[in-house]
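Chemist: Could you have a look at this structure, given as structure tokens, before my questions?
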Amino acid sequence: MPLPSVPLLEPAEASMEPESSIPPTSLWGQISEFTAKATDAYKRRPIPYWILLILGIIAMLVAFPASSILSRVYYDNGGQSKWIISWVAVAGWPLTALILIPTYVVQRVFPTPLSLKLILSYIFLGFLSAADNLMYAYAYAYLPASTASLVASSSLVFSTIFGYLLVKNQINASIINSVVVITAGLTIIALDSSSDRYPGISDSKYIMGYVWDILGSALHGLIFALSELVFVNLLRRRSFIVVLEQQVMVSFFAFLFTTVGVILSSGFQGMASEAKNFKGGRAAYYLVIIWGAITFQFGVLGATAVVFLASTVLAGVLNAVRTPITSIAAVILLHDPMSGFKILSLLITIWGFGSYIYGSSMGEKSA
């Protein structure tokens, strides 16, 4: 499942003093400077800050890969409904709401007033999110989890493109390089399709899974850019609470749209039959569904916390680490095929993420 569209926030360390323009003359000097800055950053923050940041990091690195693996487990053991998997991605939205409500009390603030334009924006983003989740559900039905996660990394490419076109985000040579490199990684996966599929998946289904994954990534990038526009043009302020509010509202409307789709496709009636025929039994079926919803929402909360408490660069680093974690976990737990081409694609994708992170960090420093 895709990483949710957490809008960009101002880095928590933006208030730090400017770095010296004179770089260290040796590797030991660089290490000493980094150690000094890390120690100073640690002392500036209270212990609860670091606890929350660490929990957010763990949530991103564990919950998102777990959610992706559970989606594939659902299909491997007899699940058939794409609507059910897309519904699971948003069914846990009340968990985020449960975090948001006491936050109002603790910080003594009121919910953001909902104007007609803001409500319509949330409805539109919710509809796009529902469509995005459905596309990814088809992708995970026809592709191995390791392949689907690698292809889904193309969302970074589309986020860059739409961010530049709609939000006027700055791009530089490193970011352009990341777009080219990640695209090359996707091409390598496409060329290796003959050794990377499950039994019973026809050529047409594999191709459609690849296409749906690309389309879902493109739509995810568009949602990210549109979410930025909502913050810039309608909300005009950024805080942890406002980000959670946006996430809750968009997930809520996505939940409504997806629920209508499940009802029209008789998905809820089919759940009883799927649970009965599930390889692990009825209890295992419902555990996969429940934990799929919980893990995805934990990942959402973790991503929100990391972006707010640290920076978008750290979130990008974790997103880069999440891709190989999902791929390796799929190989170990689901026995996904891992050919030389896929390993090469994985390494190239990590290179692309690294280039993007470097370019983003340079952009933040210049800003």
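Residues are referred to by chain and number: the chain letter is A, B, ... according to the order shown in the structure tokens, the number counts from 1 in that chain, and ligands are numbered separately from 1 in the order shown.
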Would you mind listing what lies within 10 Å of segment 57-60 of chain A as a PyMOL selection string, with only C-alpha atoms counted and same-chain residues fewer than 4 positions away left out?

Modeler: chain A and resi 3+51-53+64-66+295-306+314-315+318-319+321-322

Chemist: Find the residues around segment 70-77 of chain A up to 9 Å (only C-alpha atoms counted), leave out those fewer than 4 positions away in its own chain, and share them as an MDAnalysis selection string.

Modeler: chainID A and resid 1 65:66 81 85 137 140:141 143:145 277:280 285 288:289 291:292 330 334

Chemist: Work out how far atom CA of Trp87 of chain A is from atom CA of Asp132 of chain A, in Å to one decimal.

Modeler: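 Value for the atom CA of Asp132 of chain A-atom CA of Trp87 of chain A distance: 11.2 Å.
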
Chemist: I'd like to know which of A:Val230, A:Gly78, A:Leu165, A:Tyr358 is closest to Ala284 of chain A, using only C-alpha atoms.

Modeler: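 Nearest to Ala284 of chain A: A:Gly78.
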
Chemist: Please give the complete set of residues from segment 45-236 of chain A that DSSP, run on the backbone, assigns to helix (DSSP H, G or I), formatted as a ChimeraX atom specification.

Modeler: /A:47-76,82-91,93-107,116-142,145-152,155-167,173-191,193-195,203-235

Chemist: Using Å and a single decimal, report how far atom CA of Phe127 of chain A sits from atom CA of His220 of chain A.

Modeler: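 According to the coordinates, atom CA of His220 of chain A and atom CA of Phe127 of chain A are separated by 12.0 Å.
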
Chemist: Any idea what's packed within 12 Å of Val211 of chain A, counting only C-alpha atoms, ignoring anything in its chain fewer than 3 positions away? Could you give it as number ranges by chain?

Modeler: A: 135-136, 138-140, 142-143, 148, 151-152, 154, 186, 190, 204-208, 214-218

Chemist: Using only C-alpha atoms, determine which residues lie at most 7 Å from segment 244-246 of chain A, disregarding the query and same-chain residues fewer than 4 positions distant; provide the list as a list of chain:residue names.

Modeler: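 My reading of the contact set: A:Leu100, A:Phe240, A:Val250.
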
Chemist: Output all heavy atoms for every residue in the selection just made, as an mmCIF file, in the first residue's frame.

Modeler:
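Writing the result to selection_28.cif gives the following:
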```cif
data_model
loop_
_atom_site.group_PDB
_atom_site.id
_atom_site.type_symbol
_atom_site.label_atom_id
_atom_site.label_comp_id
_atom_site.auth_asym_id
_atom_site.auth_seq_id
_atom_site.Cartn_x
_atom_site.Cartn_y
_atom_site.Cartn_z
ATOM 1 N N LEU A 100 -6.449 12.298 17.462
ATOM 2 C CA LEU A 100 -6.681 13.722 17.230
ATOM 3 C C LEU A 100 -7.519 14.350 18.341
ATOM 4 O O LEU A 100 -7.208 15.455 18.821
ATOM 5 C CB LEU A 100 -7.373 13.920 15.881
ATOM 6 C CG LEU A 100 -7.770 15.348 15.501
ATOM 7 C CD1 LEU A 100 -6.540 16.237 15.410
ATOM 8 C CD2 LEU A 100 -8.541 15.347 14.188
ATOM 9 N N PHE A 240 0.883 20.021 13.591
ATOM 10 C CA PHE A 240 0.620 18.587 13.732
ATOM 11 C C PHE A 240 -0.876 18.310 13.737
ATOM 12 O O PHE A 240 -1.357 17.367 13.106
ATOM 13 C CB PHE A 240 1.264 18.084 15.031
ATOM 14 C CG PHE A 240 1.153 16.596 15.214
ATOM 15 C CD1 PHE A 240 1.870 15.730 14.420
ATOM 16 C CD2 PHE A 240 0.332 16.073 16.204
ATOM 17 C CE1 PHE A 240 1.768 14.362 14.589
ATOM 18 C CE2 PHE A 240 0.230 14.707 16.387
ATOM 19 C CZ PHE A 240 0.948 13.846 15.574
ATOM 20 N N VAL A 250 -9.833 13.263 4.946
ATOM 21 C CA VAL A 250 -9.640 12.605 3.650
ATOM 22 C C VAL A 250 -9.883 11.102 3.778
ATOM 23 O O VAL A 250 -10.544 10.491 2.924
ATOM 24 C CB VAL A 250 -8.228 12.888 3.109
ATOM 25 C CG1 VAL A 250 -7.943 12.042 1.860
ATOM 26 C CG2 VAL A 250 -8.072 14.369 2.774
#
```

Chemist: Using only C-alpha atoms, which residues sit within 9 Å of Ser146 of chain A once same-chain residues fewer than 4 positions away are excluded, as a CSV table (one decimal) with N, CA and C atoms, in the first residue's frame?

Modeler:
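Saved as out-v6.csv:
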```
chain,number,residue,atom,x,y,z
A,69,ILE,N,2.6,-6.5,3.1
A,69,ILE,CA,2.8,-8.0,3.2
A,69,ILE,C,1.4,-8.6,3.4
A,150,LEU,N,8.4,-2.1,-5.3
A,150,LEU,CA,9.4,-1.4,-6.1
A,150,LEU,C,8.8,-0.5,-7.2
A,151,VAL,N,7.7,-1.0,-7.8
A,151,VAL,CA,7.0,-0.2,-8.8
A,151,VAL,C,6.4,1.0,-8.2
A,323,THR,N,11.3,0.6,1.2
A,323,THR,CA,11.2,-0.2,-0.1
A,323,THR,C,12.0,-1.5,0.0
A,324,PRO,N,13.3,-1.4,0.4
A,324,PRO,CA,14.0,-2.7,0.5
A,324,PRO,C,13.5,-3.6,1.6
A,326,THR,N,10.4,-3.9,2.6
A,326,THR,CA,9.2,-4.6,2.1
A,326,THR,C,9.6,-5.8,1.1
A,327,SER,N,10.6,-5.5,0.2
A,327,SER,CA,11.0,-6.4,-0.7
A,327,SER,C,11.7,-7.6,-0.1
A,328,ILE,N,12.6,-7.4,0.9
A,328,ILE,CA,13.3,-8.4,1.6
A,328,ILE,C,12.3,-9.3,2.4
A,329,ALA,N,11.4,-8.6,3.1
A,329,ALA,CA,10.4,-9.3,3.9
A,329,ALA,C,9.5,-10.2,3.0
A,330,ALA,N,9.2,-9.7,1.8
A,330,ALA,CA,8.4,-10.5,0.9
A,330,ALA,C,9.1,-11.7,0.5
A,331,VAL,N,10.4,-11.6,0.2
A,331,VAL,CA,11.2,-12.7,-0.2
A,331,VAL,C,11.3,-13.8,0.9
A,336,ASP,N,8.9,-14.7,-2.3
A,336,ASP,CA,8.8,-14.0,-3.6
A,336,ASP,C,10.0,-14.3,-4.4
A,337,PRO,N,9.9,-14.4,-5.7
A,337,PRO,CA,11.1,-14.6,-6.6
A,337,PRO,C,12.0,-13.4,-6.5
A,338,MET,N,13.3,-13.6,-6.5
A,338,MET,CA,14.2,-12.4,-6.4
A,338,MET,C,15.3,-12.7,-7.4
A,342,LYS,N,15.8,-8.0,-10.5
A,342,LYS,CA,15.1,-7.3,-9.4
A,342,LYS,C,16.1,-6.7,-8.4
```

Chemist: Could you tell me which of A:Gln80, A:Thr103, A:Thr259, A:Asn172 comes closest to Ile357 of chain A if we count only C-alpha atoms?

Modeler: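 Of all the options, A:Asn172 lies closest to Ile357 of chain A.
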
Chemist: List the spatial neighbours of segment 93-95 of chain A as a list in words - criterion: any atom at most 9 Å away, only C-alpha atoms, same-chain residues fewer than 6 positions off excluded.

Modeler: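 Near segment 93-95 of chain A, the qualifying residues are Gln247, Val248, Met249, Ser251, Phe252, Phe255, Ala293, Ile294, Gln297 and Phe298 of chain A.
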
Chemist: Just the selected residues (N, CA, C and O atoms), exported as a tab-separated table (two decimals), in the first residue's frame, please.

Modeler:
```tsv
chain	number	residue	atom	x	y	z
A	247	GLN	N	-5.74	14.39	7.41
A	247	GLN	CA	-5.65	12.95	7.21
A	247	GLN	C	-6.96	12.26	7.61
A	247	GLN	O	-7.44	11.36	6.93
A	248	VAL	N	-7.54	12.69	8.74
A	248	VAL	CA	-8.79	12.10	9.20
A	248	VAL	C	-9.93	12.37	8.21
A	248	VAL	O	-10.69	11.46	7.85
A	249	MET	N	-10.05	13.60	7.76
A	249	MET	CA	-11.15	13.96	6.87
A	249	MET	C	-11.03	13.27	5.52
A	249	MET	O	-12.01	12.73	4.99
A	251	SER	N	-9.36	10.49	4.84
A	251	SER	CA	-9.57	9.05	5.05
A	251	SER	C	-11.05	8.74	5.28
A	251	SER	O	-11.54	7.70	4.82
A	252	PHE	N	-11.74	9.63	5.98
A	252	PHE	CA	-13.16	9.41	6.23
A	252	PHE	C	-13.96	9.39	4.93
A	252	PHE	O	-14.77	8.49	4.70
A	255	PHE	N	-13.15	6.40	2.97
A	255	PHE	CA	-13.85	5.26	3.57
A	255	PHE	C	-15.29	5.19	3.07
A	255	PHE	O	-15.79	4.12	2.73
A	293	ALA	N	-5.78	-3.14	8.48
A	293	ALA	CA	-6.30	-1.80	8.76
A	293	ALA	C	-5.47	-1.10	9.84
A	293	ALA	O	-5.16	0.09	9.72
A	294	ILE	N	-5.10	-1.82	10.89
A	294	ILE	CA	-4.37	-1.22	12.01
A	294	ILE	C	-2.97	-0.80	11.58
A	294	ILE	O	-2.52	0.32	11.88
A	297	GLN	N	-2.84	2.42	9.41
A	297	GLN	CA	-3.07	3.66	10.17
A	297	GLN	C	-1.90	3.99	11.08
A	297	GLN	O	-1.56	5.17	11.27
A	298	PHE	N	-1.24	2.97	11.64
A	298	PHE	CA	-0.04	3.23	12.43
A	298	PHE	C	1.05	3.84	11.55
A	298	PHE	O	1.79	4.73	11.98
```
